[in-house]
Amino acid sequence: MTLASCSRPGRCPPLAADQPDSAVPPGGSLPGRTQPWAAVILAGGRARRLGGADKPGIAIGGRTLVATAVGAAVAAGTHQVIVVGPPRPELITEKPATAVEFTCEDPAGCGPVPAVRAGLDLVTEPWLVLLAGDMPFLREQHLQAILRAARHSGGAMMIDDTGRPQWLASCWRTTDLRRALTTYSGDSLRGLLEPRRGVPVMMPPEPGEPAPWLDCDTPADLTAARDWAQRTIRGQQGRQIDEHTAELDRGCLRRTRD
């Protein structure tokens, strides 16, 4: 899929993340507003390109990758968090506002489609957001943009700067996905989700900011993500220093005038 051709050619051009809301689709309610939604986070897998490391447990910017995904979902307003993968002590320690449930595909590491099935078995909300457990820069505003776009056709997914769909940053009606899984026998997320005709959503990063679709599949990806995280931290510290300096300057000016 590219920017020029999607699952419904000529009918679903990519939406900008800040595109205004549209009307409720026929027979549906809006996720995130009138209807609650669940977050299903895939945090298992074998991480072969990382030598079998526990990828979701890797820390970027002082937080594990899976904790970042959970935090983004909770901040975006999810009513249910399901992590498909082993229990994570750091998620229990952080005590997010929404309780985290854990489940696992059988056998563990057998692929993303069985993982989606396992997560979907626990979903009790009418909408769900599928998330990867390895996107360190996916934030609340990105999930909210996907939720807003989902009302256009009952589904939406983030696309990267080449127009490639990010299936593990997508939103769907729970009943639609359950129905699709009853007849799907493949092992590809694209094969499962592309026929759902979701709306592609563009989310270009702000200047100097990392892309929200950046994931951590390889050692090079981890190095890039850590570099971005350090730059972000330094930038935040610099802004705090600038704000503090400006406040001191304002105080000096007030005292001088007095």
# chains A, B, ... in the order shown; residues from 1 in each chain; ligands from 1
>>> select_by_dssp(residues="stretch 50-192 of chain A", states="helix (DSSP H, G or I)", output="JSON, numbers by chain")
{"A": [50, 55, 56, 57, 65, 66, 67, 68, 69, 70, 71, 72, 73, 74, 75, 76, 89, 90, 91, 92, 93, 94, 112, 113, 114, 115, 116, 117, 118, 119, 120, 140, 141, 142, 143, 144, 145, 146, 147, 148, 149, 150, 174, 175, 176, 177, 178, 179, 180, 181, 182, 183, 189, 190, 191, 192]}
>>> residues_around(residues="A:Pro86", least_positions_apart="5", cutoff="8 Å", atoms="only C-alpha atoms", output="PyMOL selection string")
chain A and resi 43-44+102-104
>>> write_last_selection(atoms="all heavy atoms", output="tab-separated table (two decimals), in the first residue's frame")
chain	number	residue	atom	x	y	z
A	43	ALA	N	3.49	-8.34	22.84
A	43	ALA	CA	4.77	-8.18	23.52
A	43	ALA	C	5.43	-9.54	23.74
A	43	ALA	O	6.03	-9.80	24.79
A	43	ALA	CB	4.57	-7.47	24.86
A	44	GLY	N	5.30	-10.41	22.75
A	44	GLY	CA	5.96	-11.70	22.82
A	44	GLY	C	6.95	-11.82	21.67
A	44	GLY	O	7.74	-10.92	21.41
A	102	PHE	N	-2.72	-10.09	31.29
A	102	PHE	CA	-1.70	-10.79	30.51
A	102	PHE	C	-2.28	-12.09	29.96
A	102	PHE	O	-3.05	-12.78	30.61
A	102	PHE	CB	-0.47	-11.12	31.36
A	102	PHE	CG	0.26	-9.91	31.86
A	102	PHE	CD1	-0.06	-9.32	33.08
A	102	PHE	CD2	1.25	-9.34	31.10
A	102	PHE	CE1	0.61	-8.20	33.53
A	102	PHE	CE2	1.94	-8.22	31.55
A	102	PHE	CZ	1.60	-7.64	32.76
A	103	THR	N	-1.88	-12.39	28.73
A	103	THR	CA	-2.25	-13.66	28.12
A	103	THR	C	-1.13	-14.05	27.17
A	103	THR	O	-0.15	-13.31	27.02
A	103	THR	CB	-3.60	-13.56	27.37
A	103	THR	OG1	-3.99	-14.87	26.94
A	103	THR	CG2	-3.51	-12.65	26.16
A	104	CYS	N	-1.26	-15.20	26.53
A	104	CYS	CA	-0.19	-15.65	25.64
A	104	CYS	C	-0.77	-16.54	24.55
A	104	CYS	O	-1.73	-17.28	24.79
A	104	CYS	CB	0.86	-16.43	26.44
A	104	CYS	SG	2.38	-16.75	25.52
>>> closest_residue(among="A:Asp227, A:Asp106, A:Glu125, A:Glu209", to="A:Gln35", atoms="only C-alpha atoms")
A:Glu125
>>> closest_residue(among="A:Ala75, A:Ala224, A:Val83, A:Leu168", to="A:Ala211", atoms="only C-alpha atoms")
A:Ala224
>>> atom_distance(atom1="atom CA of A:Arg197", atom2="atom CA of A:Ala149")
12.2 Å
>>> residues_around(residues="A:Phe137", least_positions_apart="6", cutoff="12 Å", atoms="only C-alpha atoms", output="mmCIF file with N, CA, C and O atoms, in the first residue's frame")
data_model
loop_
_atom_site.group_PDB
_atom_site.id
_atom_site.type_symbol
_atom_site.label_atom_id
_atom_site.label_comp_id
_atom_site.auth_asym_id
_atom_site.auth_seq_id
_atom_site.Cartn_x
_atom_site.Cartn_y
_atom_site.Cartn_z
ATOM 1 N N ILE A 60 14.394 1.955 26.804
ATOM 2 C CA ILE A 60 14.769 3.091 25.963
ATOM 3 C C ILE A 60 14.326 4.352 26.694
ATOM 4 O O ILE A 60 13.154 4.500 27.037
ATOM 5 N N GLY A 61 15.253 5.250 26.946
ATOM 6 C CA GLY A 61 14.897 6.482 27.650
ATOM 7 C C GLY A 61 14.404 6.243 29.063
ATOM 8 O O GLY A 61 13.552 6.983 29.567
ATOM 9 N N ARG A 63 12.679 3.642 30.230
ATOM 10 C CA ARG A 63 11.420 2.907 30.357
ATOM 11 C C ARG A 63 11.430 1.745 29.391
ATOM 12 O O ARG A 63 11.937 1.874 28.270
ATOM 13 N N THR A 64 10.880 0.596 29.802
ATOM 14 C CA THR A 64 10.859 -0.537 28.883
ATOM 15 C C THR A 64 9.922 -0.237 27.717
ATOM 16 O O THR A 64 8.988 0.563 27.830
ATOM 17 N N LEU A 65 10.179 -0.919 26.620
ATOM 18 C CA LEU A 65 9.371 -0.688 25.425
ATOM 19 C C LEU A 65 7.903 -1.003 25.677
ATOM 20 O O LEU A 65 7.006 -0.266 25.250
ATOM 21 N N VAL A 66 7.623 -2.105 26.366
ATOM 22 C CA VAL A 66 6.219 -2.459 26.598
ATOM 23 C C VAL A 66 5.566 -1.486 27.570
ATOM 24 O O VAL A 66 4.382 -1.141 27.418
ATOM 25 N N ALA A 67 6.316 -0.969 28.551
ATOM 26 C CA ALA A 67 5.752 0.021 29.466
ATOM 27 C C ALA A 67 5.398 1.310 28.732
ATOM 28 O O ALA A 67 4.399 1.964 29.039
ATOM 29 N N THR A 68 6.197 1.671 27.725
ATOM 30 C CA THR A 68 5.897 2.845 26.919
ATOM 31 C C THR A 68 4.583 2.657 26.163
ATOM 32 O O THR A 68 3.756 3.580 26.090
ATOM 33 N N ALA A 69 4.374 1.460 25.598
ATOM 34 C CA ALA A 69 3.128 1.188 24.874
ATOM 35 C C ALA A 69 1.928 1.247 25.805
ATOM 36 O O ALA A 69 0.884 1.835 25.478
ATOM 37 N N GLY A 71 1.742 2.887 28.643
ATOM 38 C CA GLY A 71 1.565 4.273 29.061
ATOM 39 C C GLY A 71 0.847 5.107 28.019
ATOM 40 O O GLY A 71 -0.015 5.925 28.354
ATOM 41 N N ALA A 72 1.188 4.907 26.740
ATOM 42 C CA ALA A 72 0.525 5.657 25.671
ATOM 43 C C ALA A 72 -0.952 5.308 25.605
ATOM 44 O O ALA A 72 -1.813 6.187 25.433
ATOM 45 N N LEU A 143 -2.187 7.712 19.073
ATOM 46 C CA LEU A 143 -3.310 6.783 19.240
ATOM 47 C C LEU A 143 -4.642 7.507 19.093
ATOM 48 O O LEU A 143 -5.588 6.977 18.499
ATOM 49 N N ALA A 169 -0.292 -0.582 14.833
ATOM 50 C CA ALA A 169 -0.680 0.738 15.328
ATOM 51 C C ALA A 169 -1.996 1.036 14.602
ATOM 52 O O ALA A 169 -2.079 1.914 13.754
ATOM 53 N N MET A 203 1.236 10.517 10.010
ATOM 54 C CA MET A 203 1.659 11.161 11.251
ATOM 55 C C MET A 203 3.107 11.617 11.115
ATOM 56 O O MET A 203 4.008 11.041 11.736
ATOM 57 N N PRO A 205 6.522 13.261 11.835
ATOM 58 C CA PRO A 205 7.064 13.752 13.100
ATOM 59 C C PRO A 205 7.335 15.250 13.038
ATOM 60 O O PRO A 205 7.553 15.818 11.971
ATOM 61 N N GLU A 206 7.306 15.865 14.205
ATOM 62 C CA GLU A 206 7.686 17.270 14.297
ATOM 63 C C GLU A 206 9.173 17.410 13.969
ATOM 64 O O GLU A 206 9.949 16.464 14.151
ATOM 65 N N GLU A 209 12.095 15.616 15.877
ATOM 66 C CA GLU A 209 11.507 14.574 16.702
ATOM 67 C C GLU A 209 11.566 13.232 15.976
ATOM 68 O O GLU A 209 11.526 13.177 14.748
ATOM 69 N N PRO A 210 11.640 12.114 16.702
ATOM 70 C CA PRO A 210 11.662 10.794 16.063
ATOM 71 C C PRO A 210 10.297 10.425 15.502
ATOM 72 O O PRO A 210 9.266 10.921 15.961
ATOM 73 N N ALA A 211 10.298 9.560 14.510
ATOM 74 C CA ALA A 211 9.040 9.111 13.901
ATOM 75 C C ALA A 211 8.308 8.157 14.843
ATOM 76 O O ALA A 211 8.939 7.298 15.471
ATOM 77 N N PRO A 212 6.994 8.284 14.966
ATOM 78 C CA PRO A 212 6.259 7.395 15.872
ATOM 79 C C PRO A 212 6.274 5.946 15.429
ATOM 80 O O PRO A 212 6.035 5.046 16.243
ATOM 81 N N TRP A 213 6.530 5.689 14.127
ATOM 82 C CA TRP A 213 6.532 4.305 13.636
ATOM 83 C C TRP A 213 7.886 3.617 13.814
ATOM 84 O O TRP A 213 8.027 2.442 13.480
ATOM 85 N N LEU A 214 8.875 4.320 14.336
ATOM 86 C CA LEU A 214 10.184 3.707 14.533
ATOM 87 C C LEU A 214 10.053 2.545 15.512
ATOM 88 O O LEU A 214 9.594 2.715 16.641
ATOM 89 N N ASP A 215 10.437 1.333 15.059
ATOM 90 C CA ASP A 215 10.393 0.178 15.949
ATOM 91 C C ASP A 215 11.810 -0.347 16.167
ATOM 92 O O ASP A 215 12.773 0.197 15.636
ATOM 93 N N CYS A 216 11.927 -1.380 16.967
ATOM 94 C CA CYS A 216 13.244 -1.860 17.389
ATOM 95 C C CYS A 216 13.393 -3.337 17.057
ATOM 96 O O CYS A 216 13.280 -4.198 17.936
ATOM 97 N N ALA A 224 19.661 3.544 17.123
ATOM 98 C CA ALA A 224 18.989 4.766 16.647
ATOM 99 C C ALA A 224 17.971 5.262 17.669
ATOM 100 O O ALA A 224 17.872 6.472 17.939
ATOM 101 N N ALA A 225 17.202 4.336 18.244
ATOM 102 C CA ALA A 225 16.182 4.719 19.217
ATOM 103 C C ALA A 225 16.822 5.324 20.463
ATOM 104 O O ALA A 225 16.327 6.323 21.009
ATOM 105 N N ARG A 226 17.920 4.749 20.916
ATOM 106 C CA ARG A 226 18.587 5.284 22.109
ATOM 107 C C ARG A 226 19.185 6.664 21.822
ATOM 108 O O ARG A 226 19.164 7.542 22.689
ATOM 109 N N TRP A 228 17.955 8.830 19.683
ATOM 110 C CA TRP A 228 16.825 9.750 19.680
ATOM 111 C C TRP A 228 16.373 10.063 21.101
ATOM 112 O O TRP A 228 16.062 11.219 21.441
ATOM 113 N N ALA A 229 16.319 9.030 21.949
ATOM 114 C CA ALA A 229 15.868 9.232 23.327
ATOM 115 C C ALA A 229 16.804 10.183 24.063
ATOM 116 O O ALA A 229 16.352 11.072 24.802
ATOM 117 N N THR A 232 16.202 13.658 22.865
ATOM 118 C CA THR A 232 14.943 14.165 23.407
ATOM 119 C C THR A 232 15.112 14.604 24.844
ATOM 120 O O THR A 232 14.632 15.673 25.255
#
>>> residues_around(residues="stretch 110-124 of chain A", least_positions_apart="3", cutoff="12 Å", atoms="only C-alpha atoms", output="ChimeraX atom specification")
/A:35-47,78-86,100-107,127-133,167-168,172-182,184-193
>>> select_by_dssp(residues="stretch 83-194 of chain A", states="strand (DSSP E)", output="list in words")
Val83, Val84, Val100, Glu101, Phe102, Thr103, Trp127, Leu128, Val129, Leu130, Leu131, Ala132, Gly155, Ala156, Met157, Met158, Ile159, Pro165, Gln166, Trp167, Leu168, Ala169, Ser170, Cys171, Trp172 and Arg173 of chain A
>>> closest_residue(among="A:Arg148, A:Gly154, A:Ala220, A:Met135", to="A:Pro195", atoms="only C-alpha atoms")
A:Gly154
>>> atom_distance(atom1="atom CA of A:His152", atom2="atom CA of A:Arg164")
19.3 Å
>>> atom_distance(atom1="atom CA of A:Thr98", atom2="atom CA of A:Ala73")
9.3 Å
>>> closest_residue(among="A:Pro126, A:Ala108, A:Ile58, A:Glu140", to="A:Val70", atoms="only C-alpha atoms")
A:Glu140
>>> closest_residue(among="A:Ala150, A:Ile159, A:Leu138, A:Ala99", to="A:Ala76", atoms="only C-alpha atoms")
A:Leu138
